[in-house]
Amino acid sequence: MKRIFIFPTIEEAKAFILTQPRDPVFVAGVGAAEIAAATIRAVKARKPQLVVLAGIAGAYDRSLQRGEVVEVVSERIAGIPERYAREYETSGPDLGLPLAAGVTVNRSGDGLRETGREQEFREQEFREQEQEFRETGFEIPEPETKSGDAVSAPAGQALQPAGERADSPEQTSDMQSSIEKTSGTDGQNALPVIGDTNDTDGQGSLPGIDSTDGQSALPEIENMEGAPFFAVCEALGVACCQIRAVSNYVGEPFDRWAVGLAVENLTATLTQIFGNDE
């Protein structure tokens with residue numbers, strides 16, 4: 001099969017080039033415009049039967065390990081209004097790799113809100129920072145509540161002894177009645193359950209989870225070239241596939257990225273899949 005390989009950067013491509021592959025290797029540049037232009041030029045020049053985009057990527061899902069190599073089988077673009085958004089898909093052969101879904105971004109982290117994982121990553125970041133503090137011997141003080149401490153009441157209000165309410169029995173009765181109405185204990189006026197407004201089975205859905213078949217969606221990664229690459233190959237009528245190695249988790253500082261490990265594993269995988277294929 002006649003094919004070509006495209007990498008976004010020379011740093012991602014160099015190790016594979018040194019294996020002296022039989023097929024042409026192109027370095028496109030980073031981002032949507034560069035990959036689109038490079039793919040068109042390469043396909044026109046070489047007329048391949050298969051175009052392979054390879055590079056590193058950031059993972060949204062921590063089920064993916066640093067250095068793990070995946071085949072990206074679908075892509076969507078972060079930030080596109082929903083009415084214009086579409087999904088772009090691979091058209092190449094089954095490579096026998098773990099599968100992932102991609103989000104194409106202009107800047108790392110742009111897809112956090114797109115995937116519904118922004119809060120999840122903020123919490124994970126806080127936990128990691130807390131762990132780093134503890135490993136360096138820094139003690140994080142815990143909030144303490146001491147009995148017998150003097151407490152000042154707000155101006156114009158009497159200070160109540162511990163365990164007593166400031167409201168009167170009449171106020172308590174009115175409040176309880178209001179709570180019952182909003183919680184639906186009387187069978188009426190119940191507040192809607194947060195979740196899918198069309199949910200008919202009484203269960204809400206969580207962001208990032210495909211609940212239609214009870215299974216989680218594919219693990220997601222981010223990159224800067226996937227969607228335009230798939231779109232151009234579709235327009236040109238040429239088969240394509242995308243292979244990515246996880247270098248980091250989205251949101252991590254660059255000094256924690258495992259670029260070397262990702263490139264090493266990517267090169268080994270490409271050589272294993274295509275090295276002996278005529």
# chains A, B, ... in the order shown; residues from 1 in each chain; ligands from 1
$ closest_atom_pairs --of "stretch 13-61 of chain A" --to "stretch 219-233 of chain A" --cutoff "9 Å" --atoms "only C-alpha atoms" --output "tab-separated table"
residue	atom	partner	partner_atom	distance
A:Val30	CA	A:Met224	CA	6.8
A:Gly31	CA	A:Met224	CA	4.9
A:Ala32	CA	A:Glu225	CA	5.1
A:Ala33	CA	A:Pro228	CA	8.0
A:Glu34	CA	A:Glu225	CA	8.3
A:Ile35	CA	A:Glu225	CA	6.1
A:Ala36	CA	A:Pro228	CA	5.9
A:Ala37	CA	A:Val232	CA	9.0
A:Thr39	CA	A:Phe229	CA	7.1
A:Ile40	CA	A:Val232	CA	7.2
A:Val43	CA	A:Cys233	CA	8.7
A:Val51	CA	A:Cys233	CA	7.9
A:Leu53	CA	A:Phe229	CA	7.8
A:Gly55	CA	A:Asn223	CA	8.8
A:Ile56	CA	A:Asn223	CA	7.8
A:Ala57	CA	A:Asn223	CA	5.4
A:Gly58	CA	A:Glu222	CA	5.3
A:Ala59	CA	A:Ile221	CA	4.2
A:Tyr60	CA	A:Ile221	CA	5.5
A:Asp61	CA	A:Pro219	CA	5.7
$ write_last_selection --atoms "all heavy atoms" --output "short mmCIF file (atom, residue, chain, number, x, y, z; two decimals), in the first residue's frame"
data_model
loop_
_atom_site.label_atom_id
_atom_site.label_comp_id
_atom_site.auth_asym_id
_atom_site.auth_seq_id
_atom_site.Cartn_x
_atom_site.Cartn_y
_atom_site.Cartn_z
N VAL A 30 2.30 23.19 13.35
CA VAL A 30 1.29 23.02 14.39
C VAL A 30 0.02 23.80 14.06
O VAL A 30 0.09 24.95 13.62
CB VAL A 30 1.85 23.47 15.75
CG1 VAL A 30 0.77 23.45 16.83
CG2 VAL A 30 3.03 22.58 16.15
N GLY A 31 -1.13 23.18 14.29
CA GLY A 31 -2.40 23.88 14.16
C GLY A 31 -3.18 23.51 12.93
O GLY A 31 -2.71 22.82 12.01
N ALA A 32 -4.43 24.00 12.90
CA ALA A 32 -5.38 23.62 11.86
C ALA A 32 -4.94 24.05 10.47
O ALA A 32 -5.00 23.27 9.50
CB ALA A 32 -6.75 24.22 12.19
N ALA A 33 -4.50 25.31 10.32
CA ALA A 33 -4.14 25.81 8.99
C ALA A 33 -2.94 25.06 8.43
O ALA A 33 -2.92 24.69 7.24
CB ALA A 33 -3.84 27.31 9.07
N GLU A 34 -1.94 24.83 9.28
CA GLU A 34 -0.72 24.17 8.81
C GLU A 34 -0.98 22.73 8.38
O GLU A 34 -0.48 22.28 7.33
CB GLU A 34 0.35 24.21 9.91
CG GLU A 34 0.82 25.60 10.28
CD GLU A 34 1.52 26.30 9.14
OE1 GLU A 34 2.13 25.61 8.29
OE2 GLU A 34 1.45 27.54 9.07
N ILE A 35 -1.76 21.99 9.18
CA ILE A 35 -2.00 20.59 8.83
C ILE A 35 -2.87 20.48 7.58
O ILE A 35 -2.66 19.60 6.73
CB ILE A 35 -2.63 19.80 10.00
CG1 ILE A 35 -2.61 18.29 9.71
CG2 ILE A 35 -4.05 20.27 10.27
CD1 ILE A 35 -1.25 17.69 9.65
N ALA A 36 -3.82 21.40 7.40
CA ALA A 36 -4.67 21.36 6.21
C ALA A 36 -3.85 21.60 4.95
O ALA A 36 -3.94 20.85 3.97
CB ALA A 36 -5.79 22.40 6.34
N ALA A 37 -3.02 22.65 4.98
CA ALA A 37 -2.21 22.98 3.81
C ALA A 37 -1.20 21.88 3.51
O ALA A 37 -1.01 21.48 2.34
CB ALA A 37 -1.49 24.31 4.04
N THR A 39 -1.31 18.67 4.31
CA THR A 39 -1.97 17.43 3.85
C THR A 39 -2.34 17.54 2.38
O THR A 39 -2.13 16.59 1.60
CB THR A 39 -3.21 17.14 4.70
OG1 THR A 39 -2.84 17.02 6.07
CG2 THR A 39 -3.89 15.85 4.25
N ILE A 40 -2.86 18.69 1.97
CA ILE A 40 -3.21 18.89 0.56
C ILE A 40 -1.97 18.79 -0.33
O ILE A 40 -1.97 18.10 -1.36
CB ILE A 40 -3.91 20.25 0.37
CG1 ILE A 40 -5.27 20.25 1.06
CG2 ILE A 40 -4.06 20.58 -1.12
CD1 ILE A 40 -5.94 21.60 1.10
N VAL A 43 -0.63 15.07 -0.41
CA VAL A 43 -1.49 14.15 -1.17
C VAL A 43 -1.38 14.43 -2.67
O VAL A 43 -1.32 13.50 -3.49
CB VAL A 43 -2.95 14.26 -0.69
CG1 VAL A 43 -3.89 13.50 -1.62
CG2 VAL A 43 -3.08 13.72 0.74
N VAL A 51 -3.03 8.07 4.35
CA VAL A 51 -2.29 9.15 5.00
C VAL A 51 -2.34 8.92 6.51
O VAL A 51 -3.43 8.75 7.08
CB VAL A 51 -2.88 10.53 4.67
CG1 VAL A 51 -1.99 11.64 5.24
CG2 VAL A 51 -3.04 10.70 3.17
N LEU A 53 -1.46 10.47 10.17
CA LEU A 53 -1.06 11.60 11.02
C LEU A 53 -0.61 11.04 12.36
O LEU A 53 -1.34 10.27 13.00
CB LEU A 53 -2.23 12.56 11.23
CG LEU A 53 -2.01 13.69 12.26
CD1 LEU A 53 -0.86 14.59 11.84
CD2 LEU A 53 -3.30 14.49 12.45
N GLY A 55 1.59 11.89 16.20
CA GLY A 55 2.14 12.91 17.08
C GLY A 55 1.78 12.63 18.53
O GLY A 55 1.23 11.57 18.86
N ILE A 56 2.10 13.58 19.39
CA ILE A 56 1.77 13.45 20.81
C ILE A 56 0.45 14.16 21.09
O ILE A 56 -0.05 14.92 20.25
CB ILE A 56 2.89 14.01 21.71
CG1 ILE A 56 3.08 15.51 21.46
CG2 ILE A 56 4.19 13.25 21.46
CD1 ILE A 56 4.07 16.15 22.41
N ALA A 57 -0.10 13.92 22.27
CA ALA A 57 -1.38 14.51 22.62
C ALA A 57 -1.52 14.59 24.13
O ALA A 57 -0.86 13.86 24.87
CB ALA A 57 -2.53 13.69 22.02
N GLY A 58 -2.41 15.46 24.57
CA GLY A 58 -2.76 15.52 25.99
C GLY A 58 -4.02 14.72 26.25
O GLY A 58 -4.91 14.66 25.38
N ALA A 59 -4.12 14.10 27.40
CA ALA A 59 -5.28 13.27 27.73
C ALA A 59 -6.20 13.98 28.71
O ALA A 59 -5.75 14.62 29.67
CB ALA A 59 -4.82 11.94 28.34
N TYR A 60 -7.50 13.90 28.45
CA TYR A 60 -8.50 14.35 29.42
C TYR A 60 -8.78 13.27 30.43
O TYR A 60 -9.10 13.55 31.58
CB TYR A 60 -9.79 14.73 28.70
CG TYR A 60 -9.68 15.96 27.83
CD1 TYR A 60 -9.67 15.86 26.45
CD2 TYR A 60 -9.58 17.22 28.41
CE1 TYR A 60 -9.57 16.99 25.66
CE2 TYR A 60 -9.47 18.35 27.62
CZ TYR A 60 -9.47 18.23 26.24
OH TYR A 60 -9.37 19.35 25.45
N ASP A 61 -8.71 12.02 29.99
CA ASP A 61 -9.02 10.89 30.85
C ASP A 61 -7.77 10.32 31.49
O ASP A 61 -6.82 9.94 30.78
CB ASP A 61 -9.71 9.78 30.03
CG ASP A 61 -11.11 10.14 29.64
OD1 ASP A 61 -11.27 10.91 28.67
OD2 ASP A 61 -12.05 9.67 30.29
#
$ residues_around --residues "stretch 241-248 of chain A" --least-positions-apart "3" --cutoff "9 Å" --atoms "only C-alpha atoms" --output "ChimeraX atom specification"
/A:50-59,64-73,89-93,95,97,221,223,226,229-230,251-254,256-263,265-266,270
$ atom_distance --atom1 "atom CA of A:Glu82" --atom2 "atom CA of A:Leu236"
25.6 Å
$ closest_residue --among "A:Leu99, A:Leu18, A:Ala45, A:Thr269" --to "A:Ala217" --atoms "only C-alpha atoms"
A:Leu99
$ atom_distance --atom1 "atom CA of A:Ala268" --atom2 "atom CA of A:Asp23"
15.8 Å
$ closest_residue --among "A:Arg41, A:Arg86, A:Glu234, A:Phe16" --to "A:Ala28" --atoms "only C-alpha atoms"
A:Arg41
$ atom_distance --atom1 "atom CA of A:Glu11" --atom2 "atom CA of A:Gly102"
21.2 Å
$ closest_residue --among "A:Thr267, A:Cys240, A:Ile6, A:Asp255" --to "A:Tyr88" --atoms "only C-alpha atoms"
A:Cys240
